[in-house]
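Peer 1: Just start-v6.txt, nothing more (compact mmCIF, C-alpha atoms and all ligand atoms):
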# COMPACT_ATOMS: atom_id res chain seq x y z
CA MET S 700 -102.07 -50.74 2.09
CA ASN S 701 -103.08 -47.21 3.08
CA PHE S 702 -100.95 -44.95 5.24
CA LYS S 703 -100.92 -41.31 6.35
CA ALA S 704 -98.71 -38.63 4.84
CA PHE S 705 -98.32 -34.86 4.94
CA VAL S 706 -98.79 -33.81 1.31
CA THR S 707 -98.29 -30.38 -0.26
CA GLU S 708 -100.26 -29.64 -3.43
CA GLU S 709 -100.12 -26.79 -5.93
CA THR S 710 -103.63 -25.31 -6.30
CA GLU S 711 -105.13 -22.25 -7.98
CA ASN S 712 -104.87 -20.54 -4.59
CA GLY S 713 -101.22 -21.39 -4.05
CA PHE S 714 -99.58 -24.26 -2.19
CA VAL S 715 -101.77 -26.10 0.29
CA SER S 716 -100.75 -28.92 2.65
CA ASN S 717 -102.93 -31.60 4.21
CA VAL S 718 -102.49 -34.89 5.99
CA ILE S 719 -104.06 -37.46 3.68
CA GLU S 720 -104.18 -41.19 3.03
CA ARG S 721 -101.79 -42.59 0.42
CA THR S 722 -100.98 -46.08 -0.84
CA LEU S 723 -97.65 -47.81 -1.39
CA ASP S 724 -98.20 -47.42 -5.15
CA ASP S 725 -97.92 -43.64 -4.65
CA LEU S 726 -94.29 -44.06 -3.54
CA PRO S 727 -91.45 -43.97 -6.07
CA GLU S 728 -89.50 -47.05 -7.18
CA GLY S 729 -86.62 -47.96 -4.89
CA ASP S 730 -84.67 -50.80 -3.30
CA VAL S 731 -85.97 -50.56 0.24
CA LEU S 732 -89.39 -49.83 1.76
CA ILE S 733 -89.07 -48.27 5.22
CA LYS S 734 -91.76 -47.78 7.85
CA VAL S 735 -90.95 -44.33 9.16
CA LEU S 736 -91.13 -44.08 12.95
CA PHE S 737 -89.45 -40.68 13.30
CA SER S 738 -88.55 -37.71 11.14
CA SER S 739 -87.60 -34.15 11.97
CA LEU S 740 -88.30 -30.65 10.76
CA ASN S 741 -85.56 -28.72 8.96
CA TYR S 742 -85.67 -25.32 7.28
CA LYS S 743 -85.52 -27.00 3.85
CA ASP S 744 -88.72 -28.92 4.65
CA ALA S 745 -90.50 -25.66 5.34
CA LEU S 746 -89.32 -24.36 1.95
CA SER S 747 -90.54 -27.54 0.25
CA ALA S 748 -93.91 -27.33 2.04
CA SER S 749 -94.33 -23.73 0.86
CA GLY S 750 -93.73 -24.53 -2.80
CA ASN S 751 -90.11 -23.41 -3.16
CA LYS S 752 -89.22 -24.81 -6.60
CA GLY S 753 -85.52 -24.57 -5.81
CA VAL S 754 -86.14 -27.37 -3.30
CA SER S 755 -89.07 -29.36 -4.77
CA ARG S 756 -90.05 -29.05 -8.42
CA ASN S 757 -93.01 -31.41 -8.60
CA TYR S 758 -96.19 -31.43 -6.55
CA PRO S 759 -98.17 -33.09 -4.97
CA HIS S 760 -95.25 -33.95 -2.74
CA SER S 761 -94.42 -35.10 0.79
CA PRO S 762 -91.54 -33.09 2.33
CA GLY S 763 -89.22 -34.50 4.98
CA ILE S 764 -85.47 -34.73 4.31
CA ASP S 765 -85.01 -37.01 7.36
CA ALA S 766 -86.40 -40.42 8.25
CA ALA S 767 -85.61 -43.10 10.80
CA GLY S 768 -87.45 -46.39 10.81
CA ILE S 769 -87.64 -50.11 10.16
CA VAL S 770 -87.04 -51.93 6.88
CA GLU S 771 -90.29 -53.58 5.73
CA GLU S 772 -89.27 -54.80 2.26
CA SER S 773 -85.79 -55.01 0.75
CA ASN S 774 -84.34 -55.88 -2.66
CA SER S 775 -80.83 -55.35 -1.33
CA ASP S 776 -78.50 -57.87 0.32
CA GLU S 777 -77.23 -55.09 2.57
CA PHE S 778 -80.56 -54.52 4.32
CA SER S 779 -82.95 -57.08 5.83
CA VAL S 780 -86.53 -56.81 6.99
CA GLY S 781 -86.50 -55.49 10.57
CA ASP S 782 -83.23 -53.50 10.28
CA GLU S 783 -83.31 -50.14 12.05
CA VAL S 784 -82.12 -47.51 9.57
CA ILE S 785 -81.59 -43.78 9.08
CA VAL S 786 -81.96 -41.83 5.83
CA THR S 787 -81.04 -38.15 5.53
CA GLY S 788 -80.64 -35.93 2.51
CA TYR S 789 -79.76 -36.93 -1.05
CA ASP S 790 -83.09 -36.44 -2.80
CA LEU S 791 -85.30 -37.51 0.13
CA GLY S 792 -88.03 -34.92 0.72
CA MET S 793 -86.86 -32.83 -2.23
CA ASN S 794 -88.22 -34.60 -5.33
CA THR S 795 -88.47 -38.02 -3.70
CA SER S 796 -91.43 -38.51 -1.36
CA GLY S 797 -90.02 -37.71 2.08
CA GLY S 798 -90.14 -38.51 5.76
CA PHE S 799 -93.35 -36.60 6.63
CA SER S 800 -95.11 -39.86 5.91
CA GLU S 801 -95.56 -43.28 7.47
CA TYR S 802 -93.62 -44.92 4.63
CA ILE S 803 -90.77 -44.08 2.25
CA ARG S 804 -89.14 -46.11 -0.54
CA VAL S 805 -85.53 -45.21 -1.36
CA PRO S 806 -82.36 -46.41 -3.12
CA LYS S 807 -80.08 -48.56 -0.91
CA GLU S 808 -77.22 -46.09 -1.36
CA TRP S 809 -79.02 -43.50 0.80
CA ILE S 810 -79.47 -45.76 3.83
CA ILE S 811 -77.38 -46.08 6.99
CA LYS S 812 -77.85 -48.78 9.62
CA LYS S 813 -78.42 -47.23 13.02
CA PRO S 814 -75.20 -47.20 15.04
CA ASP S 815 -75.03 -49.14 18.33
CA ASN S 816 -75.66 -47.11 21.49
CA PHE S 817 -78.08 -44.90 19.62
CA ASP S 818 -81.79 -45.35 19.11
CA LEU S 819 -83.90 -44.21 16.19
CA GLU S 820 -85.73 -41.69 18.34
CA GLU S 821 -82.43 -40.11 19.41
CA SER S 822 -81.20 -40.02 15.80
CA MET S 823 -84.05 -37.72 14.84
CA ALA S 824 -83.26 -35.37 17.71
CA TYR S 825 -80.15 -34.64 15.63
CA GLY S 826 -81.56 -35.17 12.13
CA THR S 827 -80.10 -33.22 9.24
CA ALA S 828 -79.60 -30.19 11.49
CA GLY S 829 -77.34 -32.24 13.75
CA LEU S 830 -75.61 -33.94 10.86
CA THR S 831 -74.90 -30.50 9.39
CA ALA S 832 -73.57 -29.11 12.66
CA GLY S 833 -71.39 -32.22 12.88
CA LEU S 834 -70.11 -31.77 9.33
CA CYS S 835 -69.27 -28.13 10.07
CA VAL S 836 -67.33 -29.09 13.18
CA ARG S 837 -65.58 -31.95 11.37
CA LYS S 838 -64.28 -29.60 8.67
CA ILE S 839 -63.19 -26.97 11.21
CA LEU S 840 -61.24 -29.64 13.11
CA LEU S 841 -59.73 -31.03 9.89
CA SER S 842 -58.55 -27.54 9.00
CA GLY S 843 -56.49 -27.58 12.19
CA VAL S 844 -58.40 -25.18 14.46
CA LYS S 845 -58.12 -26.21 18.12
CA PRO S 846 -59.73 -24.95 21.36
CA VAL S 847 -56.46 -23.20 22.35
CA ASP S 848 -56.70 -21.03 19.22
CA GLY S 849 -59.46 -18.89 20.73
CA GLU S 850 -63.16 -18.11 20.46
CA VAL S 851 -65.45 -19.66 17.88
CA PHE S 852 -68.88 -18.26 16.99
CA VAL S 853 -72.17 -19.91 16.11
CA THR S 854 -74.82 -17.87 14.27
CA GLY S 855 -78.51 -18.72 14.25
CA ALA S 856 -77.60 -20.14 17.63
CA THR S 857 -81.10 -21.07 18.85
CA GLY S 858 -82.04 -22.76 15.54
CA GLY S 859 -81.68 -26.46 14.77
CA VAL S 860 -78.16 -26.36 13.33
CA GLY S 861 -77.05 -23.61 15.73
CA ILE S 862 -78.14 -25.18 18.98
CA ILE S 863 -76.39 -28.47 18.17
CA ALA S 864 -73.25 -26.64 16.99
CA VAL S 865 -73.16 -24.72 20.30
CA MET S 866 -73.47 -27.93 22.34
CA LEU S 867 -70.95 -29.86 20.23
CA LEU S 868 -68.24 -27.18 20.09
CA ALA S 869 -68.59 -26.62 23.85
CA LYS S 870 -68.34 -30.37 24.48
CA LEU S 871 -65.12 -30.45 22.45
CA GLY S 872 -63.63 -27.73 24.66
CA PHE S 873 -64.07 -24.64 22.49
CA GLU S 874 -64.96 -21.20 23.88
CA VAL S 875 -68.25 -20.72 22.08
CA VAL S 876 -69.82 -17.32 21.43
CA ALA S 877 -73.49 -17.73 20.47
CA ILE S 878 -74.89 -15.10 18.12
CA THR S 879 -78.68 -14.89 18.21
CA GLY S 880 -81.64 -12.64 17.49
CA LYS S 881 -83.40 -13.87 20.64
CA ASP S 882 -82.19 -12.09 23.80
CA THR S 883 -84.79 -14.09 25.71
CA GLU S 884 -82.75 -17.27 25.09
CA THR S 885 -79.46 -16.06 26.59
CA ASP S 886 -79.77 -18.29 29.66
CA LEU S 887 -80.61 -21.30 27.51
CA LEU S 888 -77.52 -20.79 25.32
CA LEU S 889 -75.27 -20.31 28.37
CA SER S 890 -76.69 -23.49 29.91
CA LEU S 891 -75.84 -25.40 26.71
CA GLY S 892 -72.20 -24.37 26.91
CA ALA S 893 -71.88 -20.94 25.29
CA LYS S 894 -69.50 -18.72 27.26
CA GLU S 895 -71.01 -15.52 25.84
CA VAL S 896 -74.15 -14.58 23.93
CA ILE S 897 -74.26 -11.62 21.55
CA ASN S 898 -77.27 -10.15 19.76
CA ARG S 899 -76.91 -10.54 16.00
CA SER S 900 -77.74 -6.85 15.45
CA GLU S 901 -74.06 -6.15 16.29
CA PHE S 902 -73.08 -7.86 13.02
CA GLU S 903 -75.77 -6.48 10.73
CA GLY S 904 -75.15 -3.81 8.08
CA ASP S 905 -72.40 -3.35 5.52
CA ILE S 906 -68.83 -4.30 6.38
CA LYS S 907 -66.87 -1.25 7.53
CA SER S 908 -63.47 -2.50 6.45
CA PRO S 909 -62.19 -5.66 4.74
CA LEU S 910 -60.11 -6.42 7.84
CA ALA S 911 -61.26 -5.70 11.38
CA LYS S 912 -59.63 -6.44 14.76
CA PRO S 913 -59.13 -10.23 14.90
CA ARG S 914 -61.42 -12.08 17.29
CA TRP S 915 -62.46 -15.45 15.86
CA ALA S 916 -60.48 -18.69 15.53
CA GLY S 917 -63.44 -20.07 13.63
CA GLY S 918 -67.16 -20.49 13.56
CA VAL S 919 -70.29 -22.16 12.30
CA ASP S 920 -72.55 -19.95 10.22
CA ALA S 921 -76.17 -20.82 9.46
CA VAL S 922 -77.35 -17.38 8.33
CA GLY S 923 -75.06 -15.96 5.60
CA SER S 924 -75.33 -12.42 4.22
CA ASP S 925 -74.19 -9.34 6.22
CA ILE S 926 -73.65 -11.25 9.44
CA LEU S 927 -71.25 -13.73 7.85
CA SER S 928 -69.64 -10.92 5.82
CA ASN S 929 -68.86 -9.00 9.02
CA LEU S 930 -67.62 -12.06 10.90
CA ILE S 931 -65.22 -12.88 8.05
CA THR S 932 -63.47 -9.52 8.54
CA ALA S 933 -62.52 -10.32 12.16
CA THR S 934 -60.68 -13.64 12.08
CA HIS S 935 -57.32 -14.65 13.51
CA GLN S 936 -54.58 -16.16 11.34
CA ARG S 937 -55.52 -19.60 9.96
CA ALA S 938 -59.14 -19.41 11.15
CA ALA S 939 -61.80 -21.67 9.64
CA ILE S 940 -65.46 -20.82 9.22
CA ALA S 941 -67.95 -23.46 8.10
CA CYS S 942 -70.94 -21.98 6.30
CA CYS S 943 -74.12 -23.92 5.71
CA GLY S 944 -77.17 -21.65 5.75
CA MET S 945 -78.88 -18.64 4.30
CA VAL S 946 -81.77 -17.66 6.58
CA GLY S 947 -80.37 -14.11 6.65
CA GLY S 948 -79.88 -13.91 2.85
CA VAL S 949 -77.82 -15.41 0.07
CA ASN S 950 -75.32 -12.63 -0.63
CA LEU S 951 -71.81 -12.43 0.71
CA ASN S 952 -69.85 -9.19 0.73
CA THR S 953 -66.19 -9.88 1.22
CA SER S 954 -62.75 -9.14 -0.18
CA ILE S 955 -59.72 -11.29 -0.87
CA PHE S 956 -57.85 -9.89 2.17
CA PRO S 957 -59.02 -12.24 4.97
CA PHE S 958 -58.02 -15.14 2.72
CA ILE S 959 -54.61 -13.96 1.53
CA LEU S 960 -53.49 -11.97 4.59
CA ARG S 961 -54.93 -14.15 7.37
CA GLY S 962 -55.16 -17.55 5.68
CA LEU S 963 -58.88 -17.82 6.41
CA SER S 964 -60.64 -20.98 5.20
CA LEU S 965 -64.31 -20.61 4.33
CA LEU S 966 -65.65 -24.15 4.34
CA GLY S 967 -68.84 -24.96 2.47
CA ILE S 968 -71.17 -27.63 3.77
CA ASP S 969 -73.73 -29.53 1.72
CA SER S 970 -75.10 -32.17 4.05
CA ALA S 971 -77.52 -33.65 1.51
CA GLU S 972 -74.87 -34.79 -0.96
CA THR S 973 -72.20 -35.65 1.60
CA LEU S 974 -70.62 -39.06 0.89
CA ILE S 975 -72.39 -41.82 2.78
CA ASP S 976 -69.18 -42.87 4.59
CA VAL S 977 -68.76 -39.36 5.96
CA LYS S 978 -72.40 -39.36 7.10
CA LYS S 979 -71.73 -42.71 8.84
CA GLU S 980 -68.70 -41.18 10.56
CA ILE S 981 -70.79 -38.31 11.93
CA TRP S 982 -73.60 -40.62 13.14
CA ASN S 983 -71.04 -42.89 14.82
CA ASN S 984 -69.53 -39.82 16.50
CA PHE S 985 -72.93 -38.73 17.83
CA ALA S 986 -73.44 -42.27 19.15
CA SER S 987 -70.10 -42.18 21.00
CA ASP S 988 -67.58 -39.37 21.62
CA TRP S 989 -69.88 -36.58 20.44
CA LYS S 990 -73.00 -37.77 22.30
CA LEU S 991 -74.77 -34.65 23.56
CA GLU S 992 -76.27 -35.21 26.98
CA LYS S 993 -78.69 -32.28 26.69
CA ILE S 994 -80.00 -33.04 23.20
CA ASN S 995 -83.32 -34.42 24.40
CA ASP S 996 -84.08 -31.24 26.38
CA GLN S 997 -84.12 -29.29 23.10
CA ILE S 998 -86.75 -31.39 21.33
CA LYS S 999 -90.42 -30.80 20.73
CA ASP S 1000 -92.25 -33.98 19.65
CA VAL S 1001 -95.15 -33.56 17.24
CA GLY S 1002 -97.46 -35.67 15.08
CA LEU S 1003 -98.15 -35.14 11.36
CA GLU S 1004 -101.12 -32.85 12.12
CA GLU S 1005 -98.98 -30.56 14.25
CA LEU S 1006 -96.39 -29.92 11.55
CA PHE S 1007 -98.37 -27.03 10.04
CA SER S 1008 -97.76 -24.58 12.90
CA GLU S 1009 -94.15 -25.71 13.33
CA ILE S 1010 -93.45 -25.06 9.63
CA ASP S 1011 -94.90 -21.59 10.00
CA LYS S 1012 -92.65 -20.93 13.00
CA ILE S 1013 -89.43 -22.09 11.31
CA LEU S 1014 -90.18 -19.88 8.27
CA LYS S 1015 -90.48 -16.90 10.60
CA GLY S 1016 -87.15 -17.70 12.33
CA GLN S 1017 -89.00 -18.33 15.59
CA GLN S 1018 -88.10 -21.97 16.13
CA ILE S 1019 -85.96 -22.81 19.17
CA GLY S 1020 -84.14 -26.14 19.05
CA ARG S 1021 -85.50 -29.10 17.16
CA VAL S 1022 -88.91 -30.46 16.16
CA ARG S 1023 -89.13 -34.27 15.93
CA LEU S 1024 -91.98 -36.01 14.12
CA LYS S 1025 -93.26 -39.18 15.80
CA ASN S 1026 -95.52 -41.37 13.67
N1 LIG V 1 -75.90 -26.69 3.81
C1 LIG V 1 -76.52 -27.68 4.43
O1 LIG V 1 -76.20 -28.84 4.26
C2 LIG V 1 -77.63 -27.36 5.36
C3 LIG V 1 -78.18 -28.33 6.20
C4 LIG V 1 -79.14 -27.95 7.15
C5 LIG V 1 -79.56 -26.63 7.19
N2 LIG V 1 -79.05 -25.75 6.31
C6 LIG V 1 -79.45 -24.35 6.32
O2 LIG V 1 -79.02 -23.80 7.56
C7 LIG V 1 -79.93 -22.78 7.94
C8 LIG V 1 -80.45 -23.07 9.33
O3 LIG V 1 -81.23 -24.25 9.31
P1 LIG V 1 -82.02 -24.70 10.61
O4 LIG V 1 -82.69 -25.98 10.27
O5 LIG V 1 -81.11 -24.61 11.78
O6 LIG V 1 -83.11 -23.54 10.68
P2 LIG V 1 -83.78 -22.91 11.98
O7 LIG V 1 -84.02 -23.95 12.99
O8 LIG V 1 -84.91 -22.09 11.49
O9 LIG V 1 -82.66 -21.94 12.55
C9 LIG V 1 -82.29 -20.76 11.92
C10 LIG V 1 -81.98 -19.71 12.97
O10 LIG V 1 -81.36 -18.60 12.32
C11 LIG V 1 -81.71 -17.39 12.99
N3 LIG V 1 -82.38 -16.49 12.04
C12 LIG V 1 -83.65 -16.56 11.58
N4 LIG V 1 -83.90 -15.56 10.72
C13 LIG V 1 -82.76 -14.84 10.63
C14 LIG V 1 -82.38 -13.68 9.90
N5 LIG V 1 -83.23 -13.05 9.09
N6 LIG V 1 -81.11 -13.22 10.04
C15 LIG V 1 -80.25 -13.84 10.85
N7 LIG V 1 -80.55 -14.94 11.58
C16 LIG V 1 -81.78 -15.43 11.47
C17 LIG V 1 -82.65 -17.81 14.12
O11 LIG V 1 -81.82 -18.06 15.27
P3 LIG V 1 -81.51 -16.89 16.33
O12 LIG V 1 -82.83 -16.26 16.65
O13 LIG V 1 -80.88 -17.63 17.46
O14 LIG V 1 -80.58 -15.92 15.66
C18 LIG V 1 -83.20 -19.13 13.66
O15 LIG V 1 -83.66 -19.90 14.74
C19 LIG V 1 -81.01 -22.74 6.85
O16 LIG V 1 -80.67 -21.78 5.87
C20 LIG V 1 -80.93 -24.12 6.24
O17 LIG V 1 -81.41 -24.17 4.92
C21 LIG V 1 -78.10 -26.08 5.41
Output the structure of this file as structure tokens.
Peer 2:
Amino acid sequence: MNFKAFVTEETENGFVSNVIERTLDDLPEGDVLIKVLFSSLNYKDALSASGNKGVSRNYPHSPGIDAAGIVEESNSDEFSVGDEVIVTGYDLGMNTSGGFSEYIRVPKEWIIKKPDNFDLEESMAYGTAGLTAGLCVRKILLSGVKPVDGEVFVTGATGGVGIIAVMLLAKLGFEVVAITGKDTETDLLLSLGAKEVINRSEFEGDIKSPLAKPRWAGGVDAVGSDILSNLITATHQRAAIACCGMVGGVNLNTSIFPFILRGLSLLGIDSAETLIDVKKEIWNNFASDWKLEKINDQIKDVGLEELFSEIDKILKGQQIGRVRLKN
């Protein structure tokens, strides 16, 4: 059987992507064949589609770290033909042919049955970006930070992770300060629940002192580098910051003082390798107590052929909200 897939190839002129026909024999071995109805675009997919060997070593390759669809063949007792399932992370879209395709074949351990009160289309409004925002919030809550403790920040606030973190923290009652490079999106961020929006330029540059006036009870950081370094200097006692991204750079300039004098917790998030039971917990939360009423307003739906321009936009930091792939 032939199907369509977005495939990136390494050529003499660099990495080139096309939508081409593939066959089921092109897919890797695996327990379960899934017809992909929806996927979504994440920053990592854009890196994979541009030949970043830290993400995908072998080409030709189909990116797509997310997929939601229907089981078509199964060698596992846990999954039956017709089951509606979600796959995010692990090796999907990295070195295993990913969700930018009409079919994937994956190990059973990567698969989650869609929760009740949640449809596959909605799941890919969240995708890995949403899962990551959820994991950040989960760790902040587990560390004991509560809405009464004060303001929490979200960096990269208009991006995929950021926009969902803003909505989720606001829903849970936190005073959210959105930090963004896009002044044009202030009204959007306020409408999603931020109580204040600050331009990220205020946090750029070297840290001035290892400890600044305390402001933050916690935060979700998707950008890293100077911005995170500066935010770390200005936390209250027992604050917790979840860090997941590096669009601003990979370095961190900090000292031991925020940790030993203010008890700061810096919480690392790796959504891809998160234990499957924790992923299930987050999906169940989004299907119930954490359901975000405005999530569908922040989605752009595209087909495989439209991914090219969206990948370009996410690499330039110009994406607002989420891009969902509909096959
Ligand atoms: N650790 C994990 O498990 C995990 C999972 C998912 C994503 N991530 C990472 O999290 C980050 C965000 O992912 P995403 O899917 O949300 O990407 P995204 O949609 O492109 O959002 C990133 C946002 O960061 C801001 N930004 C862009 N360039 C910047 C720069 N040079 N300096 C500071 N801010 C900048 C922009 O928002 P504003 O204009 O509003 O500032 C942009 O929209 C990426 O690094 C991604 O790899 C990690």
Peer 1: What is the distance, in Å and to one decimal place, between atom CA of S:Arg961 and atom CA of S:Gly843?
Peer 2: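 Computing the Euclidean distance for atom CA of S:Arg961 and atom CA of S:Gly843 yields 14.4 Å.
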Peer 1: Near S:Glu771, counting all atoms listed in the file, which residues have an atom at most 6 Å away, once you skip same-chain residues fewer than 6 positions from it, shown as a list in words?
Peer 2: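 Answer for this query is Leu732, Ile733 and Val780 of chain S.
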Peer 1: Neighbours of ligand LIG 1 (chain V) at 7 Å or closer, counting all atoms listed in the file: which residues, as a short mmCIF file (atom, residue, chain, number, x, y, z; two decimals) with C-alpha atoms, in the frame of the given file?
Peer 2:
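Okay, this is what ended up in part_8.cif:
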data_model
loop_
_atom_site.label_atom_id
_atom_site.label_comp_id
_atom_site.auth_asym_id
_atom_site.auth_seq_id
_atom_site.Cartn_x
_atom_site.Cartn_y
_atom_site.Cartn_z
CA ASN S 741 -85.56 -28.72 8.96
CA TYR S 742 -85.67 -25.32 7.28
CA LYS S 743 -85.52 -27.00 3.85
CA THR S 827 -80.10 -33.22 9.24
CA ALA S 828 -79.60 -30.19 11.49
CA THR S 831 -74.90 -30.50 9.39
CA THR S 854 -74.82 -17.87 14.27
CA GLY S 855 -78.51 -18.72 14.25
CA ALA S 856 -77.60 -20.14 17.63
CA THR S 857 -81.10 -21.07 18.85
CA GLY S 858 -82.04 -22.76 15.54
CA GLY S 859 -81.68 -26.46 14.77
CA VAL S 860 -78.16 -26.36 13.33
CA GLY S 861 -77.05 -23.61 15.73
CA ILE S 878 -74.89 -15.10 18.12
CA THR S 879 -78.68 -14.89 18.21
CA GLY S 880 -81.64 -12.64 17.49
CA LYS S 881 -83.40 -13.87 20.64
CA ARG S 899 -76.91 -10.54 16.00
CA ALA S 921 -76.17 -20.82 9.46
CA VAL S 922 -77.35 -17.38 8.33
CA CYS S 943 -74.12 -23.92 5.71
CA GLY S 944 -77.17 -21.65 5.75
CA MET S 945 -78.88 -18.64 4.30
CA VAL S 946 -81.77 -17.66 6.58
CA GLY S 947 -80.37 -14.11 6.65
CA ILE S 968 -71.17 -27.63 3.77
CA ASP S 969 -73.73 -29.53 1.72
CA SER S 970 -75.10 -32.17 4.05
CA ALA S 971 -77.52 -33.65 1.51
CA ILE S 1013 -89.43 -22.09 11.31
CA LEU S 1014 -90.18 -19.88 8.27
CA LYS S 1015 -90.48 -16.90 10.60
CA GLY S 1016 -87.15 -17.70 12.33
CA GLN S 1017 -89.00 -18.33 15.59
CA GLN S 1018 -88.10 -21.97 16.13
CA ILE S 1019 -85.96 -22.81 19.17
CA GLY S 1020 -84.14 -26.14 19.05
CA ARG S 1021 -85.50 -29.10 17.16
#
Peer 1: Please indicate the distance in Å from atom CA of S:Asp725 to atom CA of S:Ser775, rounded to one decimal place.
Peer 2: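 Value for the atom CA of S:Asp725-atom CA of S:Ser775 distance: 21.0 Å.
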Peer 1: In Å, how far is it from atom CA of S:Leu791 to atom CA of S:Leu726?
Peer 2: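 That distance, rounded to one decimal, is 11.7 Å.
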Peer 1: Kindly compute an axis-aligned box around the listed atoms of stretch 716-725 of chain S, allowing 6 Å on each side, and express its centre and edge lengths in Å to one decimal as JSON.
Peer 2:
{"center_x": -100.9, "center_y": -38.4, "center_z": 0.4, "size_x": 18.5, "size_y": 30.9, "size_z": 23.1}
Peer 1: Of the candidates S:Asn712, S:Asn952, S:Ser964, S:Asn929, which one gets nearest to S:Ser842 if we count all atoms listed in the file?
Peer 2: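 Using all atoms listed in the file, the shortest distance to S:Ser842 belongs to S:Ser964.
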Peer 1: Can you pull out the residues contacting S:Val706? Cut-off 6 Å, using only C-alpha atoms, and skip same-chain residues under 2 positions away; I want them as a count of residues only.
Peer 2: 5
Peer 1: Pick out the closest residue to S:Asp776 from this set: S:Tyr758, S:Phe873, S:Asp730, S:Ala941. Count all atoms listed in the file.
Peer 2: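 Of S:Tyr758, S:Phe873, S:Asp730, S:Ala941, the one nearest S:Asp776, counting all atoms listed in the file, is S:Asp730.
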Peer 1: Distance table requested - stretch 772-799 of chain S against stretch 978-994 of chain S, cut-off 12 Å, all atoms listed in the file: one row per qualifying residue with the closest atom pair and its distance in Å to one decimal, ordered by chain and rising residue number, as a Markdown table.
Peer 2:
| residue | atom | partner | partner_atom | distance |
| --- | --- | --- | --- | --- |
| S:Val784 | CA | S:Lys979 | CA | 11.5 |
| S:Ile785 | CA | S:Trp982 | CA | 9.5 |
| S:Val786 | CA | S:Lys978 | CA | 10.0 |
| S:Thr787 | CA | S:Lys978 | CA | 8.9 |
| S:Gly788 | CA | S:Lys978 | CA | 10.0 |
| S:Tyr789 | CA | S:Lys978 | CA | 11.2 |
Peer 1: Within 10 Å of S:Arg756, counting only C-alpha atoms, which residues show up once you throw out same-chain ones fewer than 3 positions away? Write them as a list in words, please.
Peer 2: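 The contact residues come out as Ser747, Gly750, Asn751, Lys752, Gly753, Pro759, His760, Met793 and Asn794 of chain S.
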Peer 1: Tell me which protein, DNA and RNA residues are within 12 Å of S:Lys907, counting only C-alpha atoms, leaving out same-chain ones fewer than 4 positions away, and put them as a PyMOL selection string.
Peer 2: chain S and resi 902-903+911-912+925+928-933+952-954
Peer 1: Generate a file of the selected residues that holds C-alpha atoms, formatted as a PDB file, in the frame of the given file.
Peer 2:
ATOM      1  CA  PHE S 902     -73.080  -7.860  13.020  1.00  0.00           C
ATOM      2  CA  GLU S 903     -75.770  -6.480  10.730  1.00  0.00           C
ATOM      3  CA  ALA S 911     -61.260  -5.700  11.380  1.00  0.00           C
ATOM      4  CA  LYS S 912     -59.630  -6.440  14.760  1.00  0.00           C
ATOM      5  CA  ASP S 925     -74.190  -9.340   6.220  1.00  0.00           C
ATOM      6  CA  SER S 928     -69.640 -10.920   5.820  1.00  0.00           C
ATOM      7  CA  ASN S 929     -68.860  -9.000   9.020  1.00  0.00           C
ATOM      8  CA  LEU S 930     -67.620 -12.060  10.900  1.00  0.00           C
ATOM      9  CA  ILE S 931     -65.220 -12.880   8.050  1.00  0.00           C
ATOM     10  CA  THR S 932     -63.470  -9.520   8.540  1.00  0.00           C
ATOM     11  CA  ALA S 933     -62.520 -10.320  12.160  1.00  0.00           C
ATOM     12  CA  ASN S 952     -69.850  -9.190   0.730  1.00  0.00           C
ATOM     13  CA  THR S 953     -66.190  -9.880   1.220  1.00  0.00           C
ATOM     14  CA  SER S 954     -62.750  -9.140  -0.180  1.00  0.00           C
TER      15      SER S 954
END
Peer 1: From the set S:Lys807, S:Val876, S:Phe702, S:Asn995, which residue has the shortest atom-to-atom contact distance to S:Val718, counting all atoms listed in the file?
Peer 2: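 The answer is S:Phe702, which sits nearest to S:Val718.
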Peer 1: Hey, which of S:Trp809, S:Asp1000, S:Gly781, S:Ser924 ends up closest to S:Leu951? Count all atoms listed in the file.
Peer 2: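 Of all the options, S:Ser924 lies closest to S:Leu951.
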Peer 1: Residues around (-58.5, -10.0, 14.2), cut-off 12 Å, counting only C-alpha atoms - what are they as a list in words?
Peer 2: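 Protein, DNA and RNA residues close to (-58.5, -10.0, 14.2): Gly849, Glu850, Ser908, Pro909, Leu910, Ala911, Lys912, Pro913, Arg914, Trp915, Ala916, Gly917, Asn929, Leu930, Ile931, Thr932, Ala933, Thr934, His935, Gln936, Arg937, Ala938, Pro957, Leu960, Arg961, Gly962 and Leu963 of chain S.
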Peer 1: From the coordinates supplied, stretch 945-950 of chain S should be written with N, CA and C atoms, as a PDB file, in the first residue's frame.
Peer 2:
ATOM      1  N   MET S 945      15.511  25.744  24.656  1.00  0.00           N
ATOM      2  CA  MET S 945      16.803  26.382  24.382  1.00  0.00           C
ATOM      3  C   MET S 945      16.762  27.244  23.124  1.00  0.00           C
ATOM      4  N   VAL S 946      15.586  27.802  22.791  1.00  0.00           N
ATOM      5  CA  VAL S 946      15.525  28.629  21.578  1.00  0.00           C
ATOM      6  C   VAL S 946      16.400  29.874  21.687  1.00  0.00           C
ATOM      7  N   GLY S 947      16.677  30.318  22.927  1.00  0.00           N
ATOM      8  CA  GLY S 947      17.530  31.498  23.107  1.00  0.00           C
ATOM      9  C   GLY S 947      19.006  31.144  23.242  1.00  0.00           C
ATOM     10  N   GLY S 948      19.336  29.868  23.363  1.00  0.00           N
ATOM     11  CA  GLY S 948      20.732  29.434  23.522  1.00  0.00           C
ATOM     12  C   GLY S 948      20.837  28.367  24.580  1.00  0.00           C
ATOM     13  N   VAL S 949      21.985  27.692  24.596  1.00  0.00           N
ATOM     14  CA  VAL S 949      22.117  26.516  25.466  1.00  0.00           C
ATOM     15  C   VAL S 949      22.898  26.807  26.751  1.00  0.00           C
ATOM     16  N   ASN S 950      23.482  27.988  26.860  1.00  0.00           N
ATOM     17  CA  ASN S 950      24.293  28.258  28.046  1.00  0.00           C
ATOM     18  C   ASN S 950      23.452  28.760  29.202  1.00  0.00           C
TER      19      ASN S 950
END
